[in-house]
file input.cif (mmCIF, C-alpha atoms)
data_final
#
loop_
_atom_site.label_atom_id
_atom_site.label_comp_id
_atom_site.auth_asym_id
_atom_site.auth_seq_id
_atom_site.Cartn_x
_atom_site.Cartn_y
_atom_site.Cartn_z
CA MET A 1 -21.95 -20.75 41.60
CA THR A 2 -20.48 -17.47 40.37
CA LEU A 3 -17.44 -16.52 38.36
CA ALA A 4 -15.75 -15.22 41.49
CA SER A 5 -16.09 -18.62 43.21
CA VAL A 6 -14.33 -20.53 40.44
CA SER A 7 -10.55 -20.65 40.61
CA PRO A 8 -9.06 -20.53 37.13
CA LEU A 9 -6.37 -23.01 36.25
CA ALA A 10 -4.28 -20.35 34.52
CA SER A 11 -4.38 -16.75 33.37
CA LEU A 12 -2.66 -14.26 31.13
CA PRO A 13 -0.82 -11.39 32.81
CA SER A 14 -0.97 -7.75 31.71
CA PRO A 15 1.87 -5.22 31.87
CA SER A 16 1.59 -2.67 34.65
CA THR A 17 3.61 -0.13 32.69
CA ALA A 18 3.00 1.08 29.13
CA VAL A 19 5.52 3.91 29.00
CA TRP A 20 9.20 4.16 29.81
CA GLU A 21 11.17 7.31 30.35
CA VAL A 22 14.46 7.56 28.47
CA GLY A 23 15.79 10.83 29.79
CA PRO A 24 13.17 13.45 28.94
CA ILE A 25 11.66 11.31 26.16
CA PRO A 26 8.72 8.99 26.93
CA ILE A 27 8.77 5.72 25.00
CA ARG A 28 5.23 4.43 24.73
CA ALA A 29 4.45 0.78 24.04
CA TYR A 30 1.31 1.71 22.13
CA ALA A 31 3.29 3.84 19.69
CA LEU A 32 5.97 1.17 19.30
CA CYS A 33 3.34 -1.43 18.40
CA ILE A 34 1.78 0.89 15.82
CA VAL A 35 5.17 1.66 14.25
CA LEU A 36 6.17 -2.00 14.18
CA GLY A 37 2.86 -2.87 12.54
CA ILE A 38 3.46 -0.23 9.86
CA VAL A 39 6.88 -1.72 9.17
CA VAL A 40 5.39 -5.21 8.81
CA ALA A 41 2.75 -3.98 6.37
CA ALA A 42 5.34 -2.03 4.38
CA VAL A 43 7.66 -5.04 4.04
CA VAL A 44 4.85 -7.29 2.80
CA ALA A 45 3.54 -4.63 0.40
CA GLU A 46 7.03 -3.90 -0.95
CA TYR A 47 7.56 -7.57 -1.76
CA ARG A 48 4.21 -7.81 -3.52
CA LEU A 49 4.63 -4.55 -5.43
CA ARG A 50 7.99 -5.68 -6.79
CA ALA A 51 6.41 -8.95 -7.89
CA ARG A 52 3.89 -6.88 -9.90
CA GLY A 53 6.61 -4.85 -11.62
CA VAL A 54 6.79 -1.73 -9.45
CA ALA A 55 10.21 -0.14 -8.92
CA PRO A 56 11.99 -1.02 -5.66
CA TRP A 57 11.12 0.93 -2.51
CA ALA A 58 8.02 2.54 -3.99
CA ILE A 59 6.27 1.61 -0.75
CA LEU A 60 8.34 4.24 1.03
CA ASP A 61 6.94 6.96 -1.22
CA ILE A 62 3.45 5.61 -0.60
CA ALA A 63 3.96 5.37 3.17
CA VAL A 64 5.04 9.01 3.38
CA TRP A 65 1.48 9.91 2.39
CA ALA A 66 -0.56 6.96 3.63
CA VAL A 67 0.76 6.74 7.21
CA PRO A 68 0.09 10.36 8.30
CA PHE A 69 -3.30 10.36 6.57
CA GLY A 70 -4.11 7.02 8.22
CA ILE A 71 -3.20 8.23 11.71
CA VAL A 72 -5.20 11.42 11.29
CA GLY A 73 -8.18 9.48 9.90
CA ALA A 74 -8.00 6.97 12.75
CA ARG A 75 -8.01 9.69 15.37
CA ILE A 76 -10.82 11.62 13.69
CA TYR A 77 -12.99 8.50 13.60
CA HIS A 78 -12.34 7.83 17.28
CA VAL A 79 -13.12 11.40 18.32
CA ILE A 80 -16.29 11.53 16.20
CA THR A 81 -17.61 8.24 17.57
CA SER A 82 -16.63 9.02 21.19
CA PRO A 83 -17.17 12.78 21.42
CA GLN A 84 -18.27 12.83 25.07
CA ALA A 85 -14.74 12.00 26.22
CA TYR A 86 -13.47 15.23 24.69
CA PHE A 87 -16.43 17.58 24.26
CA GLY A 88 -18.85 16.35 26.91
CA ALA A 89 -19.54 17.90 30.29
CA ASP A 90 -16.36 16.51 31.81
CA GLY A 91 -14.41 16.32 28.56
CA ASP A 92 -11.14 18.03 27.67
CA PRO A 93 -10.96 18.99 23.97
CA ILE A 94 -7.18 19.25 23.94
CA ARG A 95 -6.94 15.56 24.82
CA ALA A 96 -8.32 14.77 21.38
CA LEU A 97 -4.74 15.31 20.20
CA TYR A 98 -3.23 12.87 22.72
CA ILE A 99 -3.05 9.83 20.46
CA TRP A 100 -0.43 8.19 22.69
CA GLU A 101 -3.15 7.58 25.28
CA GLY A 102 -4.93 5.30 22.83
CA GLY A 103 -7.97 5.82 20.68
CA LEU A 104 -7.35 5.10 16.99
CA GLY A 105 -10.26 3.73 14.96
CA ILE A 106 -9.27 1.21 12.31
CA TRP A 107 -12.13 2.34 10.07
CA GLY A 108 -10.74 5.87 9.97
CA ALA A 109 -7.20 4.54 9.56
CA VAL A 110 -8.13 2.58 6.44
CA ALA A 111 -10.14 5.46 4.97
CA GLY A 112 -7.48 8.08 5.68
CA GLY A 113 -4.67 5.79 4.57
CA ALA A 114 -6.52 5.09 1.32
CA VAL A 115 -6.66 8.83 0.56
CA GLY A 116 -2.93 9.18 1.23
CA ALA A 117 -2.12 6.08 -0.83
CA TRP A 118 -4.24 7.42 -3.70
CA LEU A 119 -2.33 10.72 -3.71
CA ALA A 120 1.00 8.88 -3.71
CA ALA A 121 -0.10 6.40 -6.38
CA ARG A 122 -1.11 9.24 -8.69
CA GLN A 123 2.33 10.76 -8.38
CA LEU A 124 4.02 7.43 -9.07
CA GLY A 125 1.70 6.47 -11.93
CA ILE A 126 0.54 3.30 -10.14
CA PRO A 127 -3.15 2.30 -10.15
CA LEU A 128 -4.60 2.45 -6.64
CA THR A 129 -6.03 -1.05 -7.07
CA VAL A 130 -2.50 -2.43 -7.48
CA VAL A 131 -1.42 -0.73 -4.26
CA ALA A 132 -4.53 -1.96 -2.44
CA ASP A 133 -4.02 -5.58 -3.51
CA ALA A 134 -0.36 -5.40 -2.51
CA LEU A 135 -1.34 -4.15 0.95
CA ALA A 136 -4.14 -6.68 1.45
CA PRO A 137 -2.19 -9.39 3.39
CA GLY A 138 0.06 -6.91 5.19
CA LEU A 139 -2.64 -4.73 6.72
CA PRO A 140 -4.18 -7.45 8.93
CA LEU A 141 -0.69 -8.40 10.07
CA ALA A 142 -0.07 -4.76 10.99
CA GLN A 143 -3.35 -4.70 12.90
CA ALA A 144 -2.37 -7.87 14.75
CA VAL A 145 0.86 -6.26 15.91
CA GLY A 146 -0.84 -2.99 16.77
CA ARG A 147 -3.42 -4.72 18.98
CA PHE A 148 -0.71 -5.51 21.51
CA GLY A 149 -0.61 -1.80 22.24
CA ASN A 150 -4.05 -2.27 23.81
CA TRP A 151 -2.61 -5.06 25.95
CA PHE A 152 0.06 -2.70 27.31
CA ASN A 153 -2.60 -0.07 27.96
CA ASN A 154 -4.87 -2.58 29.78
CA GLU A 155 -7.80 -1.61 27.57
CA LEU A 156 -10.39 -2.99 25.14
CA PHE A 157 -10.86 -6.24 27.05
CA GLY A 158 -14.02 -8.33 27.17
CA GLY A 159 -16.31 -9.60 29.88
CA ARG A 160 -15.44 -11.80 32.85
CA THR A 161 -14.34 -15.38 32.16
CA THR A 162 -12.91 -18.44 33.90
CA LEU A 163 -11.14 -19.72 30.79
CA PRO A 164 -7.47 -20.61 31.28
CA TRP A 165 -6.51 -17.74 28.99
CA GLY A 166 -8.44 -15.21 31.03
CA LEU A 167 -6.65 -11.86 31.21
CA GLU A 168 -5.55 -10.00 34.30
CA ILE A 169 -6.34 -6.28 34.10
CA HIS A 170 -4.60 -3.56 36.08
CA ARG A 171 -6.43 -0.52 37.36
CA MET A 172 -4.66 2.24 35.47
CA ASP A 173 -3.82 5.63 36.95
CA SER A 174 -5.70 8.35 35.08
CA GLY A 175 -3.41 10.97 36.61
CA ASN A 176 -0.30 9.17 35.40
CA PRO A 177 -1.17 7.65 32.00
CA GLY A 178 0.67 4.50 31.11
CA HIS A 179 1.09 3.34 34.72
CA ALA A 180 -1.04 1.18 37.01
CA LEU A 181 -2.36 2.43 40.31
CA LEU A 182 -0.30 1.24 43.27
CA ASP A 183 -1.49 0.09 46.69
CA GLU A 184 0.05 1.19 49.99
CA ASN A 185 2.81 -1.37 49.54
CA GLY A 186 3.68 -0.08 46.07
CA ASN A 187 2.16 -3.07 44.24
CA PRO A 188 0.03 -2.63 41.08
CA ILE A 189 -3.69 -2.99 41.77
CA LEU A 190 -5.56 -5.64 39.74
CA GLU A 191 -9.22 -5.53 38.83
CA PRO A 192 -11.12 -8.46 40.38
CA GLY A 193 -11.43 -11.57 38.25
CA LEU A 194 -10.23 -12.38 34.74
CA TYR A 195 -11.43 -11.03 31.42
CA HIS A 196 -11.64 -12.10 27.79
CA PRO A 197 -8.44 -10.95 26.01
CA THR A 198 -10.27 -9.53 23.02
CA PHE A 199 -7.05 -7.91 21.78
CA ALA A 200 -5.54 -11.41 21.46
CA TYR A 201 -8.67 -12.76 19.74
CA GLU A 202 -8.49 -10.00 17.17
CA ALA A 203 -4.74 -10.40 16.68
CA LEU A 204 -5.10 -14.12 16.01
CA TRP A 205 -8.09 -13.53 13.74
CA ASN A 206 -6.12 -10.97 11.74
CA VAL A 207 -3.25 -13.39 11.22
CA GLY A 208 -5.81 -15.86 9.86
CA VAL A 209 -7.23 -13.18 7.55
CA ALA A 210 -3.74 -12.46 6.21
CA LEU A 211 -3.21 -16.15 5.51
CA LEU A 212 -6.63 -16.41 3.85
CA VAL A 213 -5.96 -13.45 1.54
CA PHE A 214 -2.52 -14.79 0.63
CA LEU A 215 -3.77 -18.29 -0.23
CA VAL A 216 -6.92 -17.21 -2.10
CA ASP A 217 -5.00 -14.57 -4.02
CA ARG A 218 -2.35 -17.10 -4.94
CA LYS A 219 -4.93 -19.60 -6.18
CA LEU A 220 -7.48 -17.33 -7.88
CA LYS A 221 -5.11 -14.48 -8.88
CA LEU A 222 -7.40 -11.73 -7.66
CA GLY A 223 -7.06 -8.38 -9.37
CA ARG A 224 -8.47 -4.86 -9.49
CA GLY A 225 -8.71 -4.48 -5.73
CA ARG A 226 -10.52 -7.75 -5.04
CA ALA A 227 -7.76 -9.02 -2.73
CA PHE A 228 -8.23 -5.89 -0.65
CA ALA A 229 -11.99 -6.43 -0.63
CA LEU A 230 -11.43 -9.98 0.62
CA TYR A 231 -9.29 -8.63 3.46
CA VAL A 232 -12.03 -6.16 4.40
CA MET A 233 -14.67 -8.89 4.43
CA GLY A 234 -12.51 -11.22 6.52
CA TYR A 235 -11.63 -8.54 9.02
CA THR A 236 -15.17 -7.24 9.49
CA VAL A 237 -16.54 -10.74 10.14
CA GLY A 238 -14.08 -11.13 13.00
CA ARG A 239 -14.61 -7.62 14.28
CA PHE A 240 -18.37 -8.28 14.41
CA TRP A 241 -18.23 -11.12 16.94
CA ILE A 242 -15.22 -9.78 18.85
CA GLU A 243 -16.92 -6.42 19.30
CA LEU A 244 -19.87 -8.19 20.93
CA LEU A 245 -17.51 -9.56 23.61
CA ARG A 246 -16.15 -6.17 24.63
CA THR A 247 -17.44 -4.42 27.73
CA ASP A 248 -15.60 -1.10 27.52
CA GLN A 249 -17.74 1.99 27.16
CA ALA A 250 -18.91 2.70 23.61
CA ASN A 251 -21.71 4.55 21.87
CA GLU A 252 -24.62 2.39 20.77
CA ILE A 253 -27.35 2.45 18.14
CA LEU A 254 -30.53 0.50 18.98
CA GLY A 255 -28.71 -1.08 21.88
CA VAL A 256 -25.84 -2.38 19.70
CA ARG A 257 -22.31 -1.01 19.75
CA LEU A 258 -21.57 1.44 16.94
CA ASN A 259 -18.60 -0.57 15.70
CA VAL A 260 -20.84 -3.60 15.20
CA TRP A 261 -23.03 -1.60 12.82
CA THR A 262 -19.93 -0.24 11.10
CA ALA A 263 -18.60 -3.75 10.59
CA VAL A 264 -21.87 -4.84 8.96
CA VAL A 265 -22.03 -1.86 6.60
CA VAL A 266 -18.37 -2.12 5.58
CA PHE A 267 -18.69 -5.89 5.04
CA LEU A 268 -21.65 -5.42 2.70
CA GLY A 269 -19.79 -2.74 0.74
CA ALA A 270 -16.74 -4.98 0.33
CA LEU A 271 -18.92 -7.96 -0.64
CA ILE A 272 -20.69 -5.97 -3.36
CA TYR A 273 -17.35 -4.78 -4.73
CA PHE A 274 -15.89 -8.31 -4.66
CA LEU A 275 -18.86 -9.77 -6.55
CA ARG A 276 -19.30 -7.00 -9.11
CA VAL A 277 -15.72 -6.21 -10.07
CA ARG A 278 -13.97 -8.60 -12.42
CA GLY A 279 -10.62 -8.63 -14.12
CA PRO A 280 -7.24 -10.36 -14.09
CA GLN A 281 -4.34 -9.47 -11.85
CA GLN A 282 -2.69 -6.24 -12.88
CA PHE A 283 1.01 -6.15 -13.63
CA LEU A 284 3.07 -3.09 -14.50
CA VAL A 285 5.93 -2.39 -16.85
CA PRO A 286 7.90 0.81 -16.36
CA LEU A 287 7.85 3.64 -18.86
CA GLY A 288 11.21 5.40 -19.02
CA ALA A 289 11.52 9.00 -18.01
CA ARG A 290 13.94 9.69 -20.83
CA SER A 291 14.78 8.22 -24.21
CA THR A 292 18.44 7.45 -24.80
CA THR A 293 19.88 7.09 -28.26
CA VAL A 294 23.30 5.53 -28.66
CA ALA A 295 25.43 7.99 -30.58
CA PRO A 296 27.54 6.69 -33.47
CA SER A 297 31.14 5.90 -32.69
CA ASP A 298 34.08 7.62 -34.37
CA ASP A 299 34.70 4.48 -36.43
CA GLU A 300 31.11 4.55 -37.67
CA ILE A 301 31.56 8.14 -38.80
CA ASP A 302 35.13 8.17 -40.08
CA GLY A 303 35.59 4.54 -41.07
CA THR A 304 37.69 1.92 -39.33
CA ASP A 305 40.86 2.86 -41.21
CA GLY A 306 40.66 6.54 -40.38
CA GLU A 307 39.24 7.43 -43.78
CA PRO A 308 35.85 9.12 -44.15
CA ALA A 309 33.00 6.65 -44.38
CA ALA A 310 31.13 6.23 -47.63
CA LYS A 311 28.25 8.51 -48.27
CA SER A 312 24.84 7.07 -47.44
CA ASP A 313 21.24 8.17 -47.42
CA ILE A 314 20.82 6.35 -44.07
CA SER A 315 21.20 8.36 -40.85
CA GLN A 316 24.38 7.50 -39.01
CA VAL A 317 22.41 7.18 -35.72
CA ASP A 318 21.27 3.60 -35.22
CA LEU A 319 17.73 4.09 -33.98
CA SER A 320 17.37 0.38 -33.31
CA ARG A 321 19.71 0.89 -30.37
CA ARG A 322 17.39 3.41 -28.73
CA THR A 323 16.40 2.37 -25.22
CA LEU A 324 13.95 3.49 -22.59
CA ALA A 325 15.60 4.10 -19.24
CA PRO A 326 14.64 5.63 -15.93
CA ASP A 327 15.82 9.10 -15.15
CA ALA A 328 18.73 9.86 -12.85
CA SER A 329 16.62 9.14 -9.77
CA GLY A 330 15.94 5.59 -10.95
CA ILE A 331 12.18 6.18 -10.70
CA PRO A 332 10.12 5.36 -13.80
CA GLU A 333 8.05 8.14 -15.27
CA GLY A 334 5.01 5.92 -15.14
CA TYR A 335 3.74 2.41 -15.74
CA ARG A 336 1.71 0.54 -18.29
CA VAL A 337 -0.84 -1.93 -16.97
CA VAL A 338 -0.43 -5.35 -18.59
CA THR A 339 -1.54 -8.92 -18.08
CA GLU A 340 0.62 -11.49 -16.35
CA GLU A 341 1.47 -13.09 -19.70
CA GLN A 342 2.58 -9.74 -21.13
CA TYR A 343 4.60 -9.05 -18.01
CA GLN A 344 6.42 -12.37 -18.26
CA THR A 345 7.15 -11.65 -21.91
CA TYR A 346 8.53 -8.25 -20.92
CA LEU A 347 10.82 -9.89 -18.34
CA ARG A 348 12.18 -12.29 -20.99
CA THR A 349 12.59 -9.90 -23.87
CA GLY A 350 12.65 -6.41 -22.38
CA GLU A 351 10.14 -5.26 -25.00
CA LEU A 352 7.29 -3.01 -23.92
CA PRO A 353 3.92 -4.47 -24.90
CA GLU A 354 1.66 -2.32 -27.01
CA PRO A 355 -1.12 -0.60 -25.04
CA GLU A 356 -4.66 -1.82 -25.55
CA PRO A 357 -6.63 0.19 -28.12
CA GLY A 358 -8.33 3.18 -26.58
CA THR A 359 -6.27 3.05 -23.37
CA THR A 360 -3.61 5.40 -22.08
CA ASP A 361 -0.94 5.07 -19.45
CA GLY A 362 -0.82 7.19 -16.34
CA ALA A 363 2.49 8.87 -17.16
CA ASP A 364 3.07 7.41 -20.60
CA ARG A 365 5.37 9.07 -23.02
CA SER A 366 5.12 6.09 -25.31
CA LEU A 367 7.41 4.92 -28.06
CA ASP A 368 5.10 6.56 -30.58
CA ASP A 369 5.71 9.92 -28.92
CA ILE A 370 9.44 9.36 -29.07
CA ASP A 371 9.14 8.28 -32.71
CA ASP A 372 7.51 11.63 -33.44
CA ILE A 373 10.46 13.40 -31.87
CA ASP A 374 12.86 11.37 -33.96
CA ASP A 375 10.85 12.10 -37.10
CA ASP A 376 11.03 15.81 -36.39
CA GLU A 377 14.76 15.60 -35.92
CA SER A 378 15.21 13.56 -39.09
CA ASP A 379 13.19 15.98 -41.25
CA GLU A 380 16.20 18.25 -41.53
CA PRO A 381 18.35 16.80 -44.35
CA THR A 382 21.98 16.06 -43.60
CA ALA A 383 24.84 17.50 -45.57
CA THR A 384 25.28 14.16 -47.33
CA GLU A 385 21.59 14.06 -48.26
CA ARG A 386 21.71 17.63 -49.58
CA SER A 387 24.68 16.78 -51.79
CA ASP A 388 22.93 13.68 -53.06
CA ASP A 389 19.83 15.71 -53.88
CA ASP A 390 21.92 18.12 -55.87
CA GLU A 391 23.23 15.26 -58.02
CA ARG A 392 19.75 13.76 -58.63
CA PRO A 393 18.11 14.74 -61.97
CA THR A 394 15.21 17.08 -61.69
CA GLY A 395 11.93 15.73 -62.89
CA ASP A 396 9.41 13.37 -61.42
CA THR A 397 11.23 12.98 -58.12
CA GLY A 398 8.06 11.70 -56.42
CA GLN A 399 8.06 8.63 -58.69
CA ALA A 400 11.80 8.17 -58.26
CA ARG A 401 11.40 7.96 -54.52
CA ALA A 402 8.12 6.07 -54.42
CA GLY A 403 9.66 2.73 -53.53
CA ALA A 404 12.39 4.02 -51.25
CA ALA A 405 12.32 4.35 -47.49
CA PRO A 406 12.46 7.88 -46.13
CA PRO A 407 15.94 9.00 -45.17
CA GLY A 408 16.80 8.29 -41.54
CA ASN A 409 14.15 5.57 -41.10
CA ALA A 410 15.80 2.53 -42.68
CA ASP A 411 17.17 1.12 -39.39
CA ARG A 412 14.12 1.90 -37.27
CA GLU A 413 12.30 -1.08 -35.81
CA SER A 414 8.57 -0.98 -36.27
#

call {"tool": "encode", "arguments": {"input": "input.cif", "output": "structure tokens"}}
result
Amino acid sequence: MTLASVSPLASLPSPSTAVWEVGPIPIRAYALCIVLGIVVAAVVAEYRLRARGVAPWAILDIAVWAVPFGIVGARIYHVITSPQAYFGADGDPIRALYIWEGGLGIWGAVAGGAVGAWLAARQLGIPLTVVADALAPGLPLAQAVGRFGNWFNNELFGGRTTLPWGLEIHRMDSGNPGHALLDENGNPILEPGLYHPTFAYEALWNVGVALLVFLVDRKLKLGRGRAFALYVMGYTVGRFWIELLRTDQANEILGVRLNVWTAVVVFLGALIYFLRVRGPQQFLVPLGARSTTVAPSDDEIDGTDGEPAAKSDISQVDLSRRTLAPDASGIPEGYRVVTEEQYQTYLRTGELPEPEPGTTDGADRSLDDIDDIDDDESDEPTATERSDDDERPTGDTGQARAGAAPPGNADRES
């Protein structure tokens, strides 16, 4: 008995068209799946970043860098690992730029995207590990959505099968990418038999990885990039066995597909990181881009009855009302990394926790720096203070002032 002699009870169809023409513009299913996957990952990451204290919509600033770098990295990996298709005897080098025809390596996408995310995180003052952990559940969901682009392209399927979820595969027209070959009656031509839908296996596996990362992270409160490492381990385990089912042409090392070896190496790297790195979840509190001091009102200066206020050695500016606020763009100047307990305290009280000894913040102009500015401004005596000094007896003024607070500092909170 052979596979061809067994009639399957059911099968999964494949689209015969992967591109639609809207006027002069081609709309490609593969590109739509990639874009939709990016949106899914961005939504999940935005929610998680906000929960860690990052300003709203920071993911958009990160995506501006991470997405282009990820696409370029994905294409570079594909071209490097399949050079014969572009630089071989029958290759066409210019087709290395035709990403809409398929050919994006997830390994290159993650590596390139990480470089872009790192550049964006530096500008925003966010630790890369916070960004990575925020992305950890969203990335496998994005990959699950993106895999349906392979379904539209009738590619990356597995070997023959008689399982009820066996996949029909169209014979695609190399001269008209995105369309199936047609017979003399105008009907799409199918390859004989059914095939393992490895794109669906990987999509389902990735959804499971996303759920795993979410639940483990929620229970163990993974920090310092360990949630991202868990995602990498989960994904590579699935990619290992799914890759062994695929029958499409691929370069091999010692008779094993290159991506199988890559999955093993990346898994081991993620496992070592997960086991060696320790630390609590990282939360962030914003550091204001400007210091605002509430100016004294006219009543505070002139008195409530219109008469001049009494002379005082205390500065008329109430420094206790100084606040830290974002600049006009609403984007914090930077962030201070804190524990979850400190973050919850900050949410209740609005008070910035003190940084740990010996640590600095990425874009921190801390309260101490602002205090120095205020001290410099308060060194110049006011007219009232100068008149008071004139009335004080000359002599041992150091002893006279020994127990008094310096002018302009009486209302300052320590």

call {"tool": "residues_near_point", "arguments": {"input": "input.cif", "point": "(6.0, -8.7, -0.1)", "cutoff": "12 Å", "atoms": "all atoms listed in the file", "output": "list in words"}}
result
Val39, Val40, Ala41, Ala42, Val43, Val44, Ala45, Glu46, Tyr47, Arg48, Leu49, Arg50, Ala51, Arg52, Val54, Pro56, Trp57, Ile59, Val131, Asp133, Ala134, Leu135, Ala136, Pro137, Gly138, Leu139 and Phe214 of chain A

call {"tool": "resolve_selection", "arguments": {"input": "input.cif", "expression": "the PyMOL selection byres ((chain A and resi 343-345) around 12)", "output": "MDAnalysis selection string"}}
result
chainID A and resid 51:54 281:286 335:342 346:354

call {"tool": "write_last_selection", "arguments": {"input": "input.cif", "atoms": "C-alpha atoms", "output": "CSV table (one decimal), in the frame of the given file"}}
result
chain,number,residue,atom,x,y,z
A,51,ALA,CA,6.4,-9.0,-7.9
A,52,ARG,CA,3.9,-6.9,-9.9
A,53,GLY,CA,6.6,-4.8,-11.6
A,54,VAL,CA,6.8,-1.7,-9.4
A,281,GLN,CA,-4.3,-9.5,-11.8
A,282,GLN,CA,-2.7,-6.2,-12.9
A,283,PHE,CA,1.0,-6.2,-13.6
A,284,LEU,CA,3.1,-3.1,-14.5
A,285,VAL,CA,5.9,-2.4,-16.8
A,286,PRO,CA,7.9,0.8,-16.4
A,335,TYR,CA,3.7,2.4,-15.7
A,336,ARG,CA,1.7,0.5,-18.3
A,337,VAL,CA,-0.8,-1.9,-17.0
A,338,VAL,CA,-0.4,-5.4,-18.6
A,339,THR,CA,-1.5,-8.9,-18.1
A,340,GLU,CA,0.6,-11.5,-16.4
A,341,GLU,CA,1.5,-13.1,-19.7
A,342,GLN,CA,2.6,-9.7,-21.1
A,346,TYR,CA,8.5,-8.2,-20.9
A,347,LEU,CA,10.8,-9.9,-18.3
A,348,ARG,CA,12.2,-12.3,-21.0
A,349,THR,CA,12.6,-9.9,-23.9
A,350,GLY,CA,12.6,-6.4,-22.4
A,351,GLU,CA,10.1,-5.3,-25.0
A,352,LEU,CA,7.3,-3.0,-23.9
A,353,PRO,CA,3.9,-4.5,-24.9
A,354,GLU,CA,1.7,-2.3,-27.0

call {"tool": "residues_around", "arguments": {"input": "input.cif", "residues": "Ile99 in chain A", "least_positions_apart": "4", "cutoff": "8 Å", "atoms": "all atoms listed in the file", "output": "ChimeraX atom specification"}}
result
/A:75,103-104

call {"tool": "resolve_selection", "arguments": {"input": "input.cif", "expression": "the PyMOL selection byres ((chain A and resi 19) around 9)", "output": "list in words"}}
result
Thr17, Ala18, Trp20, Glu21, Pro26, Ile27, Arg28, Ala29, Tyr30, Phe152, Pro177, Gly178 and His179 of chain A

call {"tool": "write_last_selection", "arguments": {"input": "input.cif", "atoms": "C-alpha atoms", "output": "compact mmCIF listing (two decimals), in the frame of the given file"}}
result
# COMPACT_ATOMS: atom_id res chain seq x y z
CA THR A 17 3.61 -0.13 32.69
CA ALA A 18 3.00 1.08 29.13
CA TRP A 20 9.20 4.16 29.81
CA GLU A 21 11.17 7.31 30.35
CA PRO A 26 8.72 8.99 26.93
CA ILE A 27 8.77 5.72 25.00
CA ARG A 28 5.23 4.43 24.73
CA ALA A 29 4.45 0.78 24.04
CA TYR A 30 1.31 1.71 22.13
CA PHE A 152 0.06 -2.70 27.31
CA PRO A 177 -1.17 7.65 32.00
CA GLY A 178 0.67 4.50 31.11
CA HIS A 179 1.09 3.34 34.72

call {"tool": "closest_residue", "arguments": {"input": "input.cif", "among": "A:Leu156, A:Val266, A:Arg224, A:Asn176", "to": "Leu245 in chain A", "atoms": "all atoms listed in the file"}}
result
A:Leu156

call {"tool": "atom_distance", "arguments": {"input": "input.cif", "atom1": "CA of Gly334 in chain A", "atom2": "CA of Ala117 in chain A"}}
result
16.0 Å

call {"tool": "atom_distance", "arguments": {"input": "input.cif", "atom1": "CA of Val64 in chain A", "atom2": "CA of Val110 in chain A"}}
result
15.0 Å

call {"tool": "closest_residue", "arguments": {"input": "input.cif", "among": "A:Tyr77, A:Glu168, A:Pro140, A:Trp65", "to": "Leu119 in chain A", "atoms": "only C-alpha atoms"}}
result
A:Trp65

call {"tool": "atom_distance", "arguments": {"input": "input.cif", "atom1": "CA of Arg226 in chain A", "atom2": "CA of Tyr273 in chain A"}}
result
7.5 Å

call {"tool": "closest_residue", "arguments": {"input": "input.cif", "among": "A:Leu194, A:Ala142, A:Ala63, A:Ala200", "to": "Pro164 in chain A", "atoms": "only C-alpha atoms"}}
result
A:Leu194

call {"tool": "closest_residue", "arguments": {"input": "input.cif", "among": "A:Gly116, A:Pro15, A:Gly70, A:Pro93", "to": "Ala180 in chain A", "atoms": "all atoms listed in the file"}}
result
A:Pro15

call {"tool": "closest_residue", "arguments": {"input": "input.cif", "among": "A:Val264, A:Val213, A:Leu254, A:Ile169", "to": "Val237 in chain A", "atoms": "only C-alpha atoms"}}
result
A:Val264

call {"tool": "residues_around", "arguments": {"input": "input.cif", "residues": "Gly193 in chain A", "least_positions_apart": "2", "cutoff": "9 Å", "atoms": "all atoms listed in the file", "output": "list in words"}}
result
Leu3, Ala4, Arg160, Thr161, Thr162, Gly166, Leu167, Glu168, Ile169, Leu190, Glu191 and Tyr195 of chain A

call {"tool": "resolve_selection", "arguments": {"input": "input.cif", "expression": "the PyMOL selection byres ((chain A and resi 212) around 12)", "output": "list in words"}}
result
Ala136, Pro137, Gly138, Pro140, Leu141, Trp205, Asn206, Val207, Gly208, Val209, Ala210, Leu211, Val213, Phe214, Leu215, Val216, Asp217, Arg218, Lys219, Leu220, Ala227, Phe228, Leu230, Tyr231, Val232, Met233, Gly234 and Tyr235 of chain A

call {"tool": "write_last_selection", "arguments": {"input": "input.cif", "atoms": "C-alpha atoms", "output": "short mmCIF file (atom, residue, chain, number, x, y, z; two decimals), in the coordinates of the input"}}
result
data_model
loop_
_atom_site.label_atom_id
_atom_site.label_comp_id
_atom_site.auth_asym_id
_atom_site.auth_seq_id
_atom_site.Cartn_x
_atom_site.Cartn_y
_atom_site.Cartn_z
CA ALA A 136 -4.14 -6.68 1.45
CA PRO A 137 -2.19 -9.39 3.39
CA GLY A 138 0.06 -6.91 5.19
CA PRO A 140 -4.18 -7.45 8.93
CA LEU A 141 -0.69 -8.40 10.07
CA TRP A 205 -8.09 -13.53 13.74
CA ASN A 206 -6.12 -10.97 11.74
CA VAL A 207 -3.25 -13.39 11.22
CA GLY A 208 -5.81 -15.86 9.86
CA VAL A 209 -7.23 -13.18 7.55
CA ALA A 210 -3.74 -12.46 6.21
CA LEU A 211 -3.21 -16.15 5.51
CA VAL A 213 -5.96 -13.45 1.54
CA PHE A 214 -2.52 -14.79 0.63
CA LEU A 215 -3.77 -18.29 -0.23
CA VAL A 216 -6.92 -17.21 -2.10
CA ASP A 217 -5.00 -14.57 -4.02
CA ARG A 218 -2.35 -17.10 -4.94
CA LYS A 219 -4.93 -19.60 -6.18
CA LEU A 220 -7.48 -17.33 -7.88
CA ALA A 227 -7.76 -9.02 -2.73
CA PHE A 228 -8.23 -5.89 -0.65
CA LEU A 230 -11.43 -9.98 0.62
CA TYR A 231 -9.29 -8.63 3.46
CA VAL A 232 -12.03 -6.16 4.40
CA MET A 233 -14.67 -8.89 4.43
CA GLY A 234 -12.51 -11.22 6.52
CA TYR A 235 -11.63 -8.54 9.02
#
